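*Asks:* The following file, coords04.txt, comprises compact mmCIF, C-alpha atoms and all ligand atoms:
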# COMPACT_ATOMS: atom_id res chain seq x y z
CA MET A 1 -16.29 -58.02 137.47
CA VAL A 2 -13.95 -56.50 140.06
CA ASP A 3 -12.91 -52.94 140.99
CA LEU A 4 -9.32 -53.21 142.15
CA LEU A 5 -8.63 -49.53 141.52
CA GLY A 6 -11.54 -48.40 143.69
CA GLN A 7 -10.38 -50.73 146.45
CA TYR A 8 -6.80 -49.44 146.22
CA ARG A 9 -7.86 -45.78 146.35
CA ARG A 10 -9.48 -46.26 149.76
CA ILE A 11 -6.22 -47.49 151.30
CA LYS A 12 -3.73 -45.76 149.01
CA PRO A 13 -1.63 -43.99 151.67
CA GLU A 14 -1.05 -47.21 153.63
CA ILE A 15 -0.28 -49.28 150.55
CA ASP A 16 2.01 -46.68 149.01
CA GLN A 17 3.93 -46.34 152.26
CA ALA A 18 4.28 -50.12 152.63
CA ILE A 19 5.64 -50.47 149.08
CA GLN A 20 7.95 -47.46 149.48
CA ASN A 21 9.42 -49.00 152.64
CA VAL A 22 10.34 -52.16 150.75
CA ILE A 23 11.97 -50.14 147.98
CA ASP A 24 13.90 -48.05 150.53
CA ASN A 25 15.20 -51.24 152.15
CA THR A 26 15.78 -53.01 148.80
CA ALA A 27 15.01 -56.34 150.50
CA PHE A 28 12.97 -57.50 147.53
CA ILE A 29 13.34 -61.21 148.19
CA LYS A 30 12.79 -62.72 151.67
CA GLY A 31 12.49 -59.28 153.23
CA PRO A 32 11.07 -58.86 156.74
CA ASP A 33 7.52 -58.29 155.46
CA VAL A 34 7.36 -61.89 154.21
CA LYS A 35 7.96 -63.40 157.66
CA ALA A 36 5.68 -60.82 159.26
CA PHE A 37 2.88 -61.58 156.79
CA GLU A 38 3.25 -65.32 157.37
CA ALA A 39 2.95 -64.75 161.12
CA GLU A 40 -0.03 -62.40 160.78
CA LEU A 41 -1.91 -64.74 158.46
CA SER A 42 -1.17 -67.69 160.81
CA GLN A 43 -2.63 -65.73 163.67
CA TYR A 44 -5.67 -64.67 161.65
CA LEU A 45 -6.38 -68.26 160.62
CA GLY A 46 -5.56 -69.78 164.02
CA VAL A 47 -3.01 -72.13 162.50
CA LYS A 48 0.59 -72.87 163.42
CA HIS A 49 2.36 -72.44 160.07
CA VAL A 50 1.88 -70.35 156.96
CA ILE A 51 4.49 -70.64 154.20
CA ALA A 52 4.30 -67.98 151.52
CA CYS A 53 5.07 -68.97 147.95
CA GLY A 54 4.82 -67.72 144.37
CA ASN A 55 1.18 -68.45 143.52
CA GLY A 56 -1.76 -70.69 144.36
CA THR A 57 -0.90 -73.32 141.78
CA ASP A 58 2.59 -73.66 143.22
CA ALA A 59 1.07 -73.92 146.70
CA LEU A 60 -0.86 -77.00 145.55
CA GLN A 61 2.17 -78.47 143.80
CA ILE A 62 4.47 -77.94 146.78
CA SER A 63 1.84 -79.49 149.08
CA LEU A 64 1.71 -82.62 146.93
CA MET A 65 5.53 -82.72 146.61
CA ALA A 66 5.88 -82.75 150.40
CA LEU A 67 3.69 -85.83 150.84
CA GLY A 68 6.17 -88.36 149.44
CA LEU A 69 3.74 -89.78 146.89
CA ASN A 70 4.56 -92.30 144.18
CA PRO A 71 3.78 -92.16 140.46
CA GLY A 72 0.26 -93.40 139.81
CA ASP A 73 -1.02 -92.51 143.26
CA GLU A 74 -4.50 -91.07 142.93
CA VAL A 75 -5.66 -87.57 143.80
CA ILE A 76 -9.40 -86.93 143.96
CA THR A 77 -10.52 -83.48 142.87
CA PRO A 78 -13.89 -82.01 141.87
CA CYS A 79 -15.05 -81.81 138.26
CA PHE A 80 -16.37 -78.26 138.42
CA THR A 81 -13.38 -76.12 139.40
CA PHE A 82 -10.32 -74.17 138.32
CA ILE A 83 -7.74 -76.42 136.69
CA SER A 84 -4.77 -76.16 139.11
CA THR A 85 -5.60 -79.20 141.24
CA VAL A 86 -5.65 -81.46 138.18
CA GLU A 87 -2.71 -79.83 136.44
CA VAL A 88 -0.26 -80.14 139.32
CA SER A 89 -1.27 -83.77 139.96
CA VAL A 90 -0.47 -84.61 136.35
CA LEU A 91 2.82 -82.69 136.45
CA LEU A 92 3.92 -84.80 139.42
CA GLY A 93 3.07 -88.09 137.74
CA LEU A 94 0.01 -88.62 139.93
CA THR A 95 -3.37 -89.69 138.59
CA PRO A 96 -6.24 -87.23 138.97
CA VAL A 97 -9.55 -88.90 139.77
CA ILE A 98 -12.64 -86.76 139.29
CA ALA A 99 -15.69 -86.47 141.52
CA ASP A 100 -18.92 -84.64 140.72
CA VAL A 101 -20.24 -81.66 142.70
CA GLU A 102 -23.51 -80.70 144.37
CA PRO A 103 -25.82 -78.63 142.16
CA GLY A 104 -26.72 -76.15 144.92
CA THR A 105 -23.37 -75.33 146.53
CA PHE A 106 -21.09 -76.26 143.60
CA ASN A 107 -18.85 -78.13 146.07
CA ILE A 108 -17.67 -81.74 145.97
CA ASP A 109 -20.49 -84.27 146.18
CA ILE A 110 -19.91 -86.76 148.99
CA ALA A 111 -21.52 -89.77 147.31
CA SER A 112 -19.47 -89.17 144.17
CA LEU A 113 -16.33 -88.74 146.29
CA GLU A 114 -16.93 -92.07 148.03
CA LYS A 115 -17.40 -93.77 144.68
CA ALA A 116 -14.06 -92.36 143.45
CA ILE A 117 -12.01 -93.94 146.28
CA THR A 118 -9.73 -96.84 145.33
CA PRO A 119 -6.84 -98.55 147.14
CA ARG A 120 -4.52 -96.10 145.32
CA THR A 121 -6.27 -92.94 146.58
CA LYS A 122 -3.71 -90.96 148.56
CA VAL A 123 -5.09 -87.42 148.53
CA ILE A 124 -8.46 -85.65 148.40
CA ILE A 125 -8.42 -81.99 147.36
CA PRO A 126 -11.78 -80.41 148.14
CA VAL A 127 -12.02 -76.96 146.54
CA HIS A 128 -14.07 -74.46 148.55
CA LEU A 129 -15.64 -73.03 145.43
CA PHE A 130 -16.89 -69.45 145.06
CA GLY A 131 -16.39 -68.68 148.77
CA GLN A 132 -17.93 -71.34 150.95
CA CYS A 133 -16.54 -74.56 152.39
CA ALA A 134 -17.21 -78.04 151.09
CA ASN A 135 -18.75 -80.51 153.54
CA MET A 136 -15.55 -81.02 155.54
CA ASP A 137 -17.13 -83.24 158.22
CA GLU A 138 -17.85 -85.82 155.53
CA VAL A 139 -14.62 -85.26 153.57
CA LEU A 140 -12.55 -85.73 156.74
CA ARG A 141 -14.60 -88.73 157.88
CA ILE A 142 -13.99 -90.50 154.56
CA ALA A 143 -10.32 -89.49 154.50
CA ASN A 144 -9.73 -90.75 158.04
CA GLU A 145 -11.52 -94.00 157.34
CA HIS A 146 -9.18 -94.73 154.43
CA GLY A 147 -5.96 -93.08 155.67
CA ILE A 148 -6.11 -90.41 152.97
CA THR A 149 -4.52 -86.94 153.21
CA VAL A 150 -6.75 -83.88 152.71
CA ILE A 151 -5.45 -80.71 151.06
CA GLU A 152 -8.02 -77.90 151.09
CA ASP A 153 -7.88 -75.57 148.10
CA VAL A 154 -8.99 -72.41 149.83
CA ALA A 155 -8.01 -69.98 147.03
CA GLN A 156 -11.63 -68.78 146.71
CA ALA A 157 -12.71 -68.99 150.34
CA LEU A 158 -9.94 -67.57 152.52
CA SER A 159 -11.55 -66.14 155.70
CA ALA A 160 -14.70 -68.30 155.43
CA SER A 161 -15.59 -69.95 158.73
CA TYR A 162 -16.67 -73.59 159.07
CA THR A 163 -18.66 -75.03 161.98
CA ASP A 164 -18.07 -78.77 162.45
CA TRP A 165 -20.49 -81.40 163.81
CA SER A 166 -19.49 -80.58 167.39
CA GLY A 167 -20.02 -76.85 166.97
CA ARG A 168 -16.31 -76.06 166.83
CA LYS A 169 -15.37 -73.31 164.38
CA TYR A 170 -12.45 -73.39 161.97
CA LYS A 171 -11.21 -71.01 159.32
CA ALA A 172 -11.31 -72.52 155.82
CA GLY A 173 -7.97 -74.10 155.00
CA THR A 174 -7.13 -75.18 158.55
CA MET A 175 -9.11 -78.42 158.76
CA GLY A 176 -7.21 -80.62 156.32
CA ARG A 177 -3.61 -81.67 156.81
CA ILE A 178 -2.69 -78.83 154.44
CA GLY A 179 -4.46 -75.77 153.08
CA SER A 180 -3.42 -74.05 149.89
CA THR A 181 -4.31 -70.53 148.78
CA SER A 182 -3.70 -67.85 146.16
CA PHE A 183 -3.27 -64.08 146.38
CA PHE A 184 -4.00 -63.47 142.70
CA PRO A 185 -5.22 -59.82 142.50
CA SER A 186 -8.92 -60.68 142.15
CA LYS A 187 -9.01 -63.18 145.05
CA ASN A 188 -10.67 -62.08 148.28
CA LEU A 189 -7.20 -61.36 149.70
CA GLY A 190 -5.32 -60.31 146.58
CA CYS A 191 -1.90 -58.74 146.11
CA PHE A 192 -0.59 -56.62 143.21
CA GLY A 193 0.79 -59.54 141.23
CA ASP A 194 1.13 -63.26 141.86
CA GLY A 195 1.29 -64.79 145.32
CA GLY A 196 0.24 -67.86 147.27
CA ALA A 197 0.59 -69.65 150.59
CA ILE A 198 0.49 -73.05 152.20
CA ILE A 199 -1.19 -73.56 155.57
CA THR A 200 -0.60 -76.37 158.08
CA ASN A 201 -0.50 -77.28 161.76
CA ASP A 202 2.11 -80.00 161.11
CA PRO A 203 5.63 -78.73 161.96
CA VAL A 204 7.44 -81.48 160.03
CA LEU A 205 5.43 -80.83 156.87
CA ALA A 206 5.85 -77.07 157.33
CA ASP A 207 9.62 -77.41 157.48
CA LYS A 208 9.64 -79.64 154.41
CA MET A 209 7.31 -77.42 152.37
CA SER A 210 9.31 -74.35 153.32
CA ALA A 211 12.49 -76.07 152.08
CA ILE A 212 10.78 -77.12 148.84
CA THR A 213 9.85 -73.49 148.06
CA HIS A 214 13.60 -72.71 148.22
CA HIS A 215 15.01 -75.39 145.92
CA GLY A 216 14.83 -78.06 148.65
CA MET A 217 17.41 -76.09 150.62
CA ARG A 218 17.60 -75.64 154.40
CA ILE A 219 21.27 -74.71 154.67
CA ARG A 220 22.46 -72.51 151.83
CA TYR A 221 23.69 -74.51 148.83
CA HIS A 222 22.89 -77.84 150.52
CA TYR A 223 19.93 -79.52 148.81
CA ASP A 224 17.99 -82.07 150.85
CA MET A 225 15.33 -82.82 148.22
CA THR A 226 14.16 -81.67 144.81
CA GLY A 227 12.47 -78.34 145.22
CA VAL A 228 11.23 -75.41 143.20
CA ASN A 229 11.81 -71.67 143.22
CA SER A 230 8.54 -70.24 144.46
CA ARG A 231 8.67 -67.19 146.68
CA LEU A 232 6.32 -64.36 147.62
CA ASP A 233 7.98 -61.03 146.71
CA THR A 234 8.53 -58.72 149.65
CA ILE A 235 6.51 -56.00 147.91
CA GLN A 236 3.56 -58.39 147.62
CA ALA A 237 3.92 -59.37 151.28
CA ALA A 238 3.89 -55.70 152.26
CA VAL A 239 0.68 -55.14 150.27
CA LEU A 240 -0.90 -58.24 151.79
CA ARG A 241 -0.04 -57.14 155.35
CA VAL A 242 -2.09 -54.00 154.78
CA LYS A 243 -4.96 -55.77 153.03
CA LEU A 244 -5.21 -58.58 155.60
CA ARG A 245 -6.34 -55.94 158.10
CA TYR A 246 -9.32 -55.23 155.83
CA LEU A 247 -10.17 -58.82 154.94
CA ASP A 248 -13.13 -59.12 157.32
CA ALA A 249 -14.50 -55.77 156.14
CA TYR A 250 -14.07 -56.96 152.54
CA SER A 251 -16.05 -60.13 153.31
CA ALA A 252 -18.77 -58.04 154.93
CA ALA A 253 -18.98 -55.82 151.82
CA ARG A 254 -19.21 -58.89 149.57
CA ASN A 255 -21.94 -60.34 151.80
CA ALA A 256 -23.89 -57.08 151.71
CA ALA A 257 -23.76 -57.13 147.89
CA ALA A 258 -24.78 -60.81 147.84
CA GLY A 259 -27.68 -60.08 150.19
CA ALA A 260 -28.91 -57.33 147.87
CA TYR A 261 -28.63 -59.63 144.85
CA ASP A 262 -30.50 -62.37 146.75
CA GLN A 263 -33.31 -60.04 147.67
CA ALA A 264 -33.78 -58.71 144.15
CA LEU A 265 -33.44 -62.03 142.31
CA ARG A 266 -35.04 -64.55 144.70
CA GLY A 267 -38.04 -66.25 143.10
CA LEU A 268 -37.42 -64.79 139.65
CA PRO A 269 -38.57 -67.39 137.09
CA GLY A 270 -35.66 -69.28 135.54
CA ILE A 271 -33.08 -68.00 138.02
CA THR A 272 -31.71 -69.82 141.06
CA ILE A 273 -29.71 -67.77 143.53
CA PRO A 274 -26.64 -69.35 145.20
CA GLU A 275 -27.36 -71.81 148.01
CA ARG A 276 -25.82 -71.11 151.44
CA SER A 277 -24.48 -74.11 153.33
CA SER A 278 -25.60 -74.52 156.91
CA PHE A 279 -22.06 -75.31 158.13
CA SER A 280 -20.04 -72.58 156.40
CA THR A 281 -20.09 -68.84 156.12
CA HIS A 282 -19.87 -67.54 152.56
CA VAL A 283 -17.28 -64.97 151.50
CA PHE A 284 -18.64 -64.63 147.95
CA HIS A 285 -15.55 -64.82 145.84
CA GLN A 286 -18.19 -65.17 143.14
CA TYR A 287 -21.93 -64.59 143.14
CA THR A 288 -23.08 -67.29 140.75
CA ILE A 289 -26.66 -67.83 139.64
CA ARG A 290 -28.05 -70.82 137.74
CA LEU A 291 -30.29 -70.33 134.72
CA ASN A 292 -33.10 -72.65 133.75
CA GLY A 293 -34.81 -72.04 130.41
CA ILE A 294 -33.04 -68.71 129.95
CA ASN A 295 -30.64 -68.26 127.02
CA ARG A 296 -27.35 -67.48 128.77
CA GLU A 297 -25.63 -65.86 125.80
CA ALA A 298 -28.64 -63.66 125.11
CA LEU A 299 -28.76 -62.55 128.75
CA ARG A 300 -25.01 -61.84 128.73
CA LYS A 301 -25.35 -59.71 125.56
CA TYR A 302 -28.33 -57.85 127.03
CA LEU A 303 -26.34 -57.05 130.17
CA GLU A 304 -23.19 -56.20 128.24
CA ALA A 305 -25.16 -53.62 126.25
CA ARG A 306 -25.94 -52.03 129.64
CA SER A 307 -22.23 -52.04 130.60
CA ILE A 308 -22.68 -54.99 132.96
CA PRO A 309 -19.91 -57.59 132.73
CA THR A 310 -20.65 -61.23 133.52
CA MET A 311 -18.47 -64.34 133.43
CA VAL A 312 -18.99 -68.05 133.08
CA TYR A 313 -17.00 -69.83 135.79
CA TYR A 314 -16.57 -72.49 134.42
CA PRO A 315 -17.60 -73.24 130.84
CA VAL A 316 -16.08 -76.73 130.53
CA PRO A 317 -15.92 -79.42 133.24
CA VAL A 318 -12.49 -80.89 134.01
CA HIS A 319 -13.20 -84.30 132.48
CA LEU A 320 -14.15 -82.82 129.10
CA GLN A 321 -11.07 -80.60 128.80
CA LYS A 322 -8.93 -81.45 125.79
CA ALA A 323 -5.76 -81.83 127.89
CA PHE A 324 -7.30 -84.52 130.09
CA GLN A 325 -9.06 -86.71 127.54
CA TYR A 326 -6.44 -89.37 128.17
CA LEU A 327 -7.92 -89.95 131.63
CA GLY A 328 -10.71 -91.76 129.78
CA TYR A 329 -13.80 -89.96 131.04
CA LYS A 330 -16.70 -89.19 128.71
CA THR A 331 -19.76 -86.97 128.44
CA GLY A 332 -22.39 -88.09 130.93
CA ASP A 333 -19.90 -89.22 133.60
CA PHE A 334 -20.44 -86.14 135.79
CA PRO A 335 -23.93 -84.89 134.92
CA VAL A 336 -24.16 -82.21 137.61
CA SER A 337 -20.91 -80.52 136.58
CA GLU A 338 -21.84 -80.79 132.93
CA LYS A 339 -25.20 -79.14 133.57
CA LEU A 340 -23.63 -76.40 135.70
CA CYS A 341 -21.13 -75.53 132.97
CA GLU A 342 -24.08 -74.87 130.67
CA SER A 343 -26.21 -72.96 133.14
CA VAL A 344 -24.09 -70.89 135.58
CA LEU A 345 -23.52 -67.17 135.34
CA SER A 346 -21.37 -65.09 137.69
CA LEU A 347 -22.39 -61.47 138.29
CA PRO A 348 -20.06 -58.62 139.23
CA MET A 349 -18.88 -59.23 142.81
CA HIS A 350 -16.35 -57.13 144.67
CA THR A 351 -15.84 -54.89 147.66
CA GLU A 352 -16.76 -51.62 145.95
CA LEU A 353 -20.24 -52.46 144.58
CA ASN A 354 -22.74 -49.78 145.58
CA GLU A 355 -26.51 -49.82 145.80
CA GLU A 356 -26.93 -47.96 142.52
CA GLN A 357 -24.78 -50.46 140.64
CA ILE A 358 -26.56 -53.45 142.16
CA ASN A 359 -29.95 -51.93 141.35
CA HIS A 360 -28.87 -51.35 137.76
CA ILE A 361 -27.66 -54.95 137.47
CA THR A 362 -30.70 -56.59 139.07
CA ARG A 363 -33.19 -54.31 137.26
CA SER A 364 -31.57 -55.23 133.95
CA ILE A 365 -31.81 -58.95 134.73
CA ILE A 366 -35.45 -58.62 135.74
CA GLU A 367 -36.19 -56.65 132.54
CA PHE A 368 -34.59 -59.40 130.47
CA VAL A 369 -36.50 -62.16 132.24
CA ASN A 370 -39.81 -60.31 131.79
CA SER A 371 -39.19 -59.37 128.17
C1 LIG B 1 -6.99 -69.00 141.64
C2 LIG B 1 -7.10 -70.40 141.98
C3 LIG B 1 -5.99 -71.26 141.98
C4 LIG B 1 -4.65 -70.87 141.42
O1 LIG B 1 -4.07 -69.76 141.96
P1 LIG B 1 -2.94 -69.00 141.13
O2 LIG B 1 -2.36 -68.06 142.15
O3 LIG B 1 -3.60 -68.29 140.00
O4 LIG B 1 -1.94 -70.00 140.67
C5 LIG B 1 -6.16 -72.56 142.40
N1 LIG B 1 -7.36 -73.03 142.79
C6 LIG B 1 -8.45 -72.24 142.78
C7 LIG B 1 -9.74 -72.82 143.24
C8 LIG B 1 -8.37 -70.93 142.37
O5 LIG B 1 -9.47 -70.16 142.36
Before anything else, please render the file you have as structure tokens.
*Replies:*
Amino acid sequence: MVDLLGQYRRIKPEIDQAIQNVIDNTAFIKGPDVKAFEAELSQYLGVKHVIACGNGTDALQISLMALGLNPGDEVITPCFTFISTVEVSVLLGLTPVIADVEPGTFNIDIASLEKAITPRTKVIIPVHLFGQCANMDEVLRIANEHGITVIEDVAQALSASYTDWSGRKYKAGTMGRIGSTSFFPSKNLGCFGDGGAIITNDPVLADKMSAITHHGMRIRYHYDMTGVNSRLDTIQAAVLRVKLRYLDAYSAARNAAAGAYDQALRGLPGITIPERSSFSTHVFHQYTIRLNGINREALRKYLEARSIPTMVYYPVPVHLQKAFQYLGYKTGDFPVSEKLCESVLSLPMHTELNEEQINHITRSIIEFVNS
């Protein structure tokens, strides 16, 4: 699905040097590369504060911890997504409330979001799924109307660009009060282990979230609040500083691959190519098609026999996960997400895909459909 080795080989001298420098300085924790990376990512995103932390799940948890919420406060999150947004809400004693998604873009459905609002709603976490932004004009309008905080989960869409109703452009993750991201190796900006970051323009929140990542400590061994231990290793920061310089080129490579997939698969019976939103660029964390009347497992086996990996992101919607049965949802509550879980298929998508590989993949799909 990804080719991290191929990507590394192209920038090996820079990466190796960056890692060697950290080892030579032995500043493995809170070394100078961490601050430098935070500053460089802030500048790239056009945002005032970036706080590095241990991973993307922690970034969401720390964001929620900084908001001074009370047990039972409600957090709205989409049904068709990775589990972190739900998991951290539960861990903090908050109540996750699920909203359905749009069938075309896979992002949070605005009508379903509005229906999910109650007097206890304190936070909305739109997830910019597979690489393009949710409808932030509407999310922010609803949030402002009800005095709700927005945390953008930008783990799959870092570097995507959003154009608001007035024509103003924002990087994904900088429109809500907080943005939260992950540098898991296979993300669009991935390090060589775990990593994450929190994004905000609010200096008070930034200070608080930074303290929370260090045990709630501002002055050494003086604890102002309950925190966690969640830091980005200096070695990971050094890797990310190098890779950030290539992020736009990586997005361009992913878009070129997506364009080639689109061209080959558009109009093929039983296959729907991913929809592009009018208000967001797409950075194709995943290239995900929808199948209609095609046996997904049979197609996967057919492709696998031709050395083509595929993945189902995601096979089970949040509300039908075993761990969250106690929330009281049932089959039929979120029909779009349920249908997507049965019909989506993600194709190989990364920065190193070449024309020959894409031709092999698309030819194999077309063969299967016509067989
Ligand atoms: C990867 C991911 C996360 C979690 O990031 P980790 O670094 O693996 O903890 C959260 N949300 C979304 C949408 C993700 O894709």
*Asks:* At a cut-off of 8 Å around ligand LIG 1 (chain B), and using only C-alpha atoms and all ligand atoms, what residues come up? Please write them as a list of chain:residue names.
*Replies:*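 The distance check yields A:Gly54, A:Asn55, A:Gly56, A:Thr57, A:Asp58, A:Ala59, A:Leu60, A:Thr81, A:Phe82, A:Ile83, A:Ser84, A:Thr85, A:Val127, A:His128, A:Leu129, A:Phe130, A:Asp153, A:Val154, A:Ala155, A:Gln156, A:Thr181, A:Ser182, A:Phe183, A:Phe184, A:Lys187, A:Asp194, A:Gly195, A:Gly196.
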*Asks:* Please determine, counting only C-alpha atoms, which residue among A:Thr288, A:Thr213, A:Asn229, A:Asn25 has the shortest atom-to-atom distance to Glu275 (chain A).
*Replies:*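 Ranking A:Thr288, A:Thr213, A:Asn229, A:Asn25 by distance to Glu275 (chain A), first place goes to A:Thr288.
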*Asks:* Near Thr95 (chain A), within 7 Å and counting only C-alpha atoms, which residues show up once chain neighbours fewer than 2 positions away are dropped, as number ranges by chain?
*Replies:* A: 72-75, 89-90, 93, 97
*Asks:* Quick one: residues within 9 Å of (-25.8, -49.8, 133.1) (file frame), counting all atoms listed in the file, please, as a list of chain:residue names.
*Replies:* A:Leu303, A:Glu304, A:Ala305, A:Arg306, A:Ser307, A:Ile308, A:Gln357, A:His360, A:Ile361, A:Ser364
*Asks:* When distances are computed from only C-alpha atoms, which of A:Arg363, A:Arg290, A:His282, A:Lys122 shows the smallest separation from Leu94 (chain A)?
*Replies:*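 Looking at the shortest contact to Leu94 (chain A), the residue is A:Lys122.
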*Asks:* Smallest atom-to-atom distance to Ala253 (chain A): which of A:Leu299, A:Leu41, A:Val283, A:Met65, using only C-alpha atoms?
*Replies:* A:Val283
*Asks:* What's around Leu340 (chain A) at 12 Å? Count only C-alpha atoms, leave out sequence neighbours fewer than 4 positions away in its own chain, and write the answer as a ChimeraX atom specification.
*Replies:* /A:79-81,100-107,272,288-292,296,312-317,334-336,344-346
*Asks:* Find the spatial neighbours of Glu40 (chain A), counting all atoms listed in the file, within a cut-off of 12 Å - ignore same-chain residues fewer than 3 positions away - and output them as a PyMOL selection string.
*Replies:* chain A and resi 33-37+43-52+237-238+240-245
*Asks:* Report, in Å to a single decimal, how far apart CA of Ile110 (chain A) and CA of Pro269 (chain A) are.
*Replies:*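 If I compute the distance from CA of Pro269 (chain A) to CA of Ile110 (chain A), I get 29.4 Å.
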*Asks:* So how many Å separate CA of Val239 (chain A) and CA of Phe28 (chain A), to one decimal?
*Replies:*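 Separation between CA of Val239 (chain A) and CA of Phe28 (chain A): 12.8 Å.
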*Asks:* Would you mind telling me which residue in A:Tyr261, A:Tyr8, A:Tyr250, A:Tyr162 lies nearest to Ile358 (chain A) when using all atoms listed in the file?
*Replies:*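 Residue with the minimum atom-to-atom distance to Ile358 (chain A): A:Tyr261.
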*Asks:* Where atoms are missing, can you supply N, CA, C and O atoms for region 239-254 of chain A and output the lot as a compact mmCIF listing (two decimals), in the coordinates of the input?
*Replies:*
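Everything below was put into part-v6.txt:
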# COMPACT_ATOMS: atom_id res chain seq x y z
N VAL A 239 2.05 -55.47 150.68
CA VAL A 239 0.68 -55.14 150.27
C VAL A 239 -0.31 -56.02 151.04
O VAL A 239 -1.33 -55.54 151.56
N LEU A 240 0.01 -57.31 151.13
CA LEU A 240 -0.90 -58.24 151.79
C LEU A 240 -1.03 -57.96 153.28
O LEU A 240 -2.11 -58.15 153.86
N ARG A 241 0.05 -57.48 153.92
CA ARG A 241 -0.04 -57.14 155.35
C ARG A 241 -1.08 -56.04 155.56
O ARG A 241 -1.85 -56.09 156.52
N VAL A 242 -1.09 -55.07 154.66
CA VAL A 242 -2.09 -54.00 154.78
C VAL A 242 -3.48 -54.57 154.52
O VAL A 242 -4.42 -54.36 155.30
N LYS A 243 -3.62 -55.33 153.42
CA LYS A 243 -4.96 -55.77 153.03
C LYS A 243 -5.55 -56.82 153.97
O LYS A 243 -6.77 -56.89 154.12
N LEU A 244 -4.70 -57.58 154.63
CA LEU A 244 -5.21 -58.58 155.60
C LEU A 244 -6.02 -57.89 156.70
O LEU A 244 -7.02 -58.42 157.19
N ARG A 245 -5.62 -56.67 157.06
CA ARG A 245 -6.34 -55.94 158.10
C ARG A 245 -7.76 -55.58 157.66
O ARG A 245 -8.62 -55.28 158.49
N TYR A 246 -8.00 -55.57 156.36
CA TYR A 246 -9.32 -55.23 155.83
C TYR A 246 -10.12 -56.45 155.39
O TYR A 246 -11.24 -56.31 154.90
N LEU A 247 -9.54 -57.65 155.54
CA LEU A 247 -10.17 -58.82 154.94
C LEU A 247 -11.59 -59.05 155.48
O LEU A 247 -12.51 -59.34 154.70
N ASP A 248 -11.79 -58.90 156.77
CA ASP A 248 -13.13 -59.12 157.32
C ASP A 248 -14.12 -58.06 156.81
O ASP A 248 -15.27 -58.37 156.51
N ALA A 249 -13.64 -56.83 156.69
CA ALA A 249 -14.50 -55.77 156.14
C ALA A 249 -14.81 -56.07 154.67
O ALA A 249 -15.94 -55.84 154.21
N TYR A 250 -13.83 -56.60 153.95
CA TYR A 250 -14.07 -56.96 152.54
C TYR A 250 -15.14 -58.06 152.45
O TYR A 250 -16.03 -58.01 151.59
N SER A 251 -15.05 -59.05 153.33
CA SER A 251 -16.05 -60.13 153.31
C SER A 251 -17.44 -59.58 153.63
O SER A 251 -18.43 -60.01 153.03
N ALA A 252 -17.48 -58.64 154.57
CA ALA A 252 -18.77 -58.04 154.93
C ALA A 252 -19.36 -57.29 153.74
O ALA A 252 -20.56 -57.38 153.46
N ALA A 253 -18.51 -56.57 152.99
CA ALA A 253 -18.98 -55.82 151.82
C ALA A 253 -19.50 -56.78 150.75
O ALA A 253 -20.53 -56.54 150.12
N ARG A 254 -18.78 -57.89 150.56
CA ARG A 254 -19.21 -58.89 149.57
C ARG A 254 -20.54 -59.50 150.00
O ARG A 254 -21.43 -59.75 149.18
